[in-house]
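K.L.:
A single structure is presented below for examination.
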Amino acid sequence: CRSYSDYTCDQLENSNYNVYFYFPDETENYLGQSNSLSSCGNIANNYAYTKNLSQNRDWGYICCLITKDSSCAEKHR
């Protein structure tokens with residue numbers, strides 16, 4: 001984690017994130033906030049499932065690290 005972030009792996013896992021989902025046509029959809037990095041991924045995967053995209057891997061997501069200074073200090077997956 002330290003090789004690509006200013007934060008430790010523990011800090012990244014236990015931080016808050018804005019969750020953005022990207023449809024295959026690259027349309028962005030804001031899904032809300034998560035309270036951990038793994039939860040962010042779960043939110044995106046569950047959303048893909050509800051949209052019948054779970055078998056289609058052309059969708060994507062970004063977890064934007066929330067800090068006191070930014071709503072997207074770092075992007076993670």
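Convention: chains lettered A, B, ... in structure tokens order; per-chain residue numbering from 1; ligands numbered from 1 as shown.
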DSSP on the backbone: what in chain A comes out helix (DSSP H, G or I), as a PyMOL selection string?
P.N.:
chain A and resi 9-13+37-50
K.L.:
Please identify the strand (DSSP E) residues within chain A (assignment by DSSP from backbone atoms) and present them as a ChimeraX atom specification.
P.N.:
/A:17-22,28-34,60-65,75-76
K.L.:
Excluding Asn35 (chain A) and its own-chain neighbours fewer than 3 positions away, which residues fall within 10 Å of it when counting only C-alpha atoms? Please give them as a ChimeraX atom specification.
P.N.:
/A:13-18,38-40,66
K.L.:
Take the residues from that selection and write them out as a CSV table (one decimal), in the first residue's frame, keeping all heavy atoms.
P.N.:
```csv
chain,number,residue,atom,x,y,z
A,13,GLU,N,-7.7,0.8,4.6
A,13,GLU,CA,-8.9,-0.1,4.8
A,13,GLU,C,-9.9,0.6,5.8
A,13,GLU,O,-11.1,0.4,5.6
A,13,GLU,CB,-8.4,-1.4,5.4
A,13,GLU,CG,-9.5,-2.3,5.8
A,13,GLU,CD,-10.5,-2.6,4.6
A,13,GLU,OE1,-10.1,-2.6,3.4
A,13,GLU,OE2,-11.7,-2.9,4.9
A,14,ASN,N,-9.5,1.4,6.7
A,14,ASN,CA,-10.4,1.9,7.7
A,14,ASN,C,-10.7,3.4,7.5
A,14,ASN,O,-11.0,4.1,8.5
A,14,ASN,CB,-9.8,1.7,9.1
A,14,ASN,CG,-9.6,0.2,9.4
A,14,ASN,OD1,-10.6,-0.6,9.4
A,14,ASN,ND2,-8.4,-0.3,9.6
A,15,SER,N,-10.7,3.8,6.3
A,15,SER,CA,-11.1,5.2,6.0
A,15,SER,C,-12.4,5.2,5.3
A,15,SER,O,-13.0,4.2,4.9
A,15,SER,CB,-10.0,5.8,5.1
A,15,SER,OG,-8.8,6.0,5.8
A,16,ASN,N,-13.0,6.4,5.1
A,16,ASN,CA,-14.2,6.6,4.4
A,16,ASN,C,-13.9,7.0,2.9
A,16,ASN,O,-12.9,7.6,2.6
A,16,ASN,CB,-15.0,7.8,5.0
A,16,ASN,CG,-15.5,7.5,6.4
A,16,ASN,OD1,-15.9,6.3,6.7
A,16,ASN,ND2,-15.4,8.4,7.3
A,17,TYR,N,-14.9,6.5,2.1
A,17,TYR,CA,-14.7,6.6,0.6
A,17,TYR,C,-16.0,7.1,0.0
A,17,TYR,O,-17.1,6.6,0.4
A,17,TYR,CB,-14.3,5.3,0.0
A,17,TYR,CG,-12.9,4.9,0.4
A,17,TYR,CD1,-12.7,4.1,1.5
A,17,TYR,CD2,-11.8,5.2,-0.3
A,17,TYR,CE1,-11.4,3.7,1.9
A,17,TYR,CE2,-10.5,4.9,0.0
A,17,TYR,CZ,-10.3,4.1,1.2
A,17,TYR,OH,-9.1,3.7,1.6
A,18,ASN,N,-15.9,7.9,-1.1
A,18,ASN,CA,-17.0,8.1,-2.0
A,18,ASN,C,-16.9,7.0,-3.0
A,18,ASN,O,-15.8,6.7,-3.6
A,18,ASN,CB,-16.9,9.4,-2.7
A,18,ASN,CG,-17.3,10.6,-1.7
A,18,ASN,OD1,-18.3,10.5,-1.1
A,18,ASN,ND2,-16.5,11.6,-1.6
A,38,SER,N,-12.7,-2.2,1.6
A,38,SER,CA,-13.4,-3.4,1.2
A,38,SER,C,-14.9,-3.2,1.0
A,38,SER,O,-15.5,-3.8,0.1
A,38,SER,CB,-13.1,-4.6,2.1
A,38,SER,OG,-13.4,-4.3,3.5
A,39,SER,N,-15.5,-2.4,1.9
A,39,SER,CA,-16.9,-2.1,1.8
A,39,SER,C,-17.2,-1.4,0.5
A,39,SER,O,-18.2,-1.6,-0.2
A,39,SER,CB,-17.3,-1.3,3.0
A,39,SER,OG,-18.7,-0.9,2.8
A,40,CYS,N,-16.3,-0.5,0.1
A,40,CYS,CA,-16.5,0.2,-1.2
A,40,CYS,C,-16.6,-0.8,-2.4
A,40,CYS,O,-17.5,-0.7,-3.2
A,40,CYS,CB,-15.3,1.1,-1.4
A,40,CYS,SG,-15.3,2.0,-3.0
A,66,ILE,N,-11.8,9.9,1.3
A,66,ILE,CA,-12.3,11.2,1.8
A,66,ILE,C,-11.3,11.6,2.9
A,66,ILE,O,-11.0,10.8,3.8
A,66,ILE,CB,-13.7,11.0,2.4
A,66,ILE,CG1,-14.7,10.6,1.3
A,66,ILE,CG2,-14.2,12.3,3.1
A,66,ILE,CD1,-16.0,10.2,1.8
```
K.L.:
Taking only C-alpha atoms into account, which of A:Ser34, A:Thr27, A:Asn52, A:Thr8 comes nearest Leu65 (chain A)?
P.N.:
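Selected residue with least distance to Leu65 (chain A): A:Ser34.
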K.L.:
Hey, what's within 9 Å of Phe23 (chain A) if we count only C-alpha atoms and toss same-chain stuff fewer than 5 positions away? As a PyMOL selection string, please?
P.N.:
chain A and resi 28-29+48+53+58-61
K.L.:
Save out the residues we just selected, all heavy atoms, as a PDB file, in the first residue's frame.
P.N.:
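Done, and the output landed in selection_33.pdb:
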```
ATOM      1  N   GLU A  28     -21.096   7.496 -15.400  1.00  0.00           N
ATOM      2  CA  GLU A  28     -20.733   7.464 -13.986  1.00  0.00           C
ATOM      3  C   GLU A  28     -21.983   7.562 -13.120  1.00  0.00           C
ATOM      4  O   GLU A  28     -22.897   8.321 -13.415  1.00  0.00           O
ATOM      5  CB  GLU A  28     -19.802   8.630 -13.675  1.00  0.00           C
ATOM      6  CG  GLU A  28     -19.378   8.698 -12.215  1.00  0.00           C
ATOM      7  CD  GLU A  28     -18.545   9.937 -11.938  1.00  0.00           C
ATOM      8  OE1 GLU A  28     -17.316   9.843 -12.076  1.00  0.00           O
ATOM      9  OE2 GLU A  28     -19.133  10.988 -11.622  1.00  0.00           O
ATOM     10  N   ASN A  29     -21.989   6.800 -12.030  1.00  0.00           N
ATOM     11  CA  ASN A  29     -23.088   6.851 -11.076  1.00  0.00           C
ATOM     12  C   ASN A  29     -22.498   6.874  -9.666  1.00  0.00           C
ATOM     13  O   ASN A  29     -21.742   5.969  -9.302  1.00  0.00           O
ATOM     14  CB  ASN A  29     -24.007   5.642 -11.262  1.00  0.00           C
ATOM     15  CG  ASN A  29     -25.303   5.778 -10.505  1.00  0.00           C
ATOM     16  OD1 ASN A  29     -25.697   6.876 -10.125  1.00  0.00           O
ATOM     17  ND2 ASN A  29     -25.976   4.669 -10.278  1.00  0.00           N
ATOM     18  N   ALA A  48     -23.565  -3.770  -9.247  1.00  0.00           N
ATOM     19  CA  ALA A  48     -23.460  -4.441 -10.546  1.00  0.00           C
ATOM     20  C   ALA A  48     -24.426  -5.623 -10.601  1.00  0.00           C
ATOM     21  O   ALA A  48     -25.088  -5.849 -11.619  1.00  0.00           O
ATOM     22  CB  ALA A  48     -22.030  -4.901 -10.791  1.00  0.00           C
ATOM     23  N   LEU A  53     -25.256  -6.902 -14.168  1.00  0.00           N
ATOM     24  CA  LEU A  53     -23.948  -6.739 -14.798  1.00  0.00           C
ATOM     25  C   LEU A  53     -22.877  -7.617 -14.167  1.00  0.00           C
ATOM     26  O   LEU A  53     -21.704  -7.521 -14.537  1.00  0.00           O
ATOM     27  CB  LEU A  53     -23.498  -5.275 -14.711  1.00  0.00           C
ATOM     28  CG  LEU A  53     -24.297  -4.264 -15.511  1.00  0.00           C
ATOM     29  CD1 LEU A  53     -23.857  -2.843 -15.158  1.00  0.00           C
ATOM     30  CD2 LEU A  53     -24.125  -4.514 -16.997  1.00  0.00           C
ATOM     31  N   ASP A  58     -17.215  -5.460 -17.954  1.00  0.00           N
ATOM     32  CA  ASP A  58     -16.889  -4.187 -18.607  1.00  0.00           C
ATOM     33  C   ASP A  58     -17.217  -2.980 -17.741  1.00  0.00           C
ATOM     34  O   ASP A  58     -16.937  -1.864 -18.127  1.00  0.00           O
ATOM     35  CB  ASP A  58     -17.620  -4.067 -19.947  1.00  0.00           C
ATOM     36  CG  ASP A  58     -17.077  -5.029 -20.984  1.00  0.00           C
ATOM     37  OD1 ASP A  58     -15.916  -5.453 -20.855  1.00  0.00           O
ATOM     38  OD2 ASP A  58     -17.831  -5.359 -21.917  1.00  0.00           O
ATOM     39  N   TRP A  59     -17.821  -3.188 -16.589  1.00  0.00           N
ATOM     40  CA  TRP A  59     -18.116  -2.084 -15.694  1.00  0.00           C
ATOM     41  C   TRP A  59     -16.912  -1.867 -14.773  1.00  0.00           C
ATOM     42  O   TRP A  59     -16.009  -2.690 -14.702  1.00  0.00           O
ATOM     43  CB  TRP A  59     -19.384  -2.357 -14.871  1.00  0.00           C
ATOM     44  CG  TRP A  59     -19.313  -3.600 -14.034  1.00  0.00           C
ATOM     45  CD1 TRP A  59     -19.682  -4.862 -14.406  1.00  0.00           C
ATOM     46  CD2 TRP A  59     -18.843  -3.718 -12.693  1.00  0.00           C
ATOM     47  NE1 TRP A  59     -19.469  -5.756 -13.383  1.00  0.00           N
ATOM     48  CE2 TRP A  59     -18.955  -5.080 -12.309  1.00  0.00           C
ATOM     49  CE3 TRP A  59     -18.335  -2.818 -11.770  1.00  0.00           C
ATOM     50  CZ2 TRP A  59     -18.577  -5.543 -11.057  1.00  0.00           C
ATOM     51  CZ3 TRP A  59     -17.958  -3.294 -10.521  1.00  0.00           C
ATOM     52  CH2 TRP A  59     -18.090  -4.630 -10.178  1.00  0.00           C
ATOM     53  N   GLY A  60     -16.904  -0.731 -14.079  1.00  0.00           N
ATOM     54  CA  GLY A  60     -15.808  -0.443 -13.167  1.00  0.00           C
ATOM     55  C   GLY A  60     -16.270   0.400 -11.994  1.00  0.00           C
ATOM     56  O   GLY A  60     -17.437   0.812 -11.929  1.00  0.00           O
ATOM     57  N   TYR A  61     -15.369   0.639 -11.091  1.00  0.00           N
ATOM     58  CA  TYR A  61     -15.678   1.485  -9.942  1.00  0.00           C
ATOM     59  C   TYR A  61     -14.412   2.133  -9.418  1.00  0.00           C
ATOM     60  O   TYR A  61     -13.305   1.656  -9.679  1.00  0.00           O
ATOM     61  CB  TYR A  61     -16.378   0.698  -8.828  1.00  0.00           C
ATOM     62  CG  TYR A  61     -15.484  -0.289  -8.109  1.00  0.00           C
ATOM     63  CD1 TYR A  61     -14.841   0.047  -6.924  1.00  0.00           C
ATOM     64  CD2 TYR A  61     -15.280  -1.566  -8.617  1.00  0.00           C
ATOM     65  CE1 TYR A  61     -14.019  -0.852  -6.262  1.00  0.00           C
ATOM     66  CE2 TYR A  61     -14.471  -2.474  -7.971  1.00  0.00           C
ATOM     67  CZ  TYR A  61     -13.844  -2.114  -6.793  1.00  0.00           C
ATOM     68  OH  TYR A  61     -13.027  -2.999  -6.141  1.00  0.00           O
TER      69      TYR A  61
END
```
K.L.:
Quick one: distance from CA of Tyr4 (chain A) to CA of Pro24 (chain A) in Å, one decimal?
P.N.:
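Separation between CA of Tyr4 (chain A) and CA of Pro24 (chain A): 26.6 Å.
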K.L.:
Restricting the calculation to only C-alpha atoms: of A:Leu31, A:Arg57, A:Leu37, A:Glu26, which residue gets closest to Lys75 (chain A)?
P.N.:
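With only C-alpha atoms as the atom set, the closest residue is A:Leu37.
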K.L.:
Rank A:Ser3, A:His76, A:Cys9, A:Cys63 by their smallest atom-to-atom distance to Phe21 (chain A), using only C-alpha atoms, and report the top residue only.
P.N.:
A:Cys63
K.L.:
Could you check which of A:Ala73, A:Cys64, A:Val19, A:Leu12 is closest to Ile43 (chain A), using only C-alpha atoms?
P.N.:
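Closest residue, counting only C-alpha atoms: A:Val19.
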K.L.:
Rank A:Asn46, A:Arg77, A:Asp25, A:Ser36 by their smallest atom-to-atom distance to Ile62 (chain A), using only C-alpha atoms, and report the top residue only.
P.N.:
A:Arg77
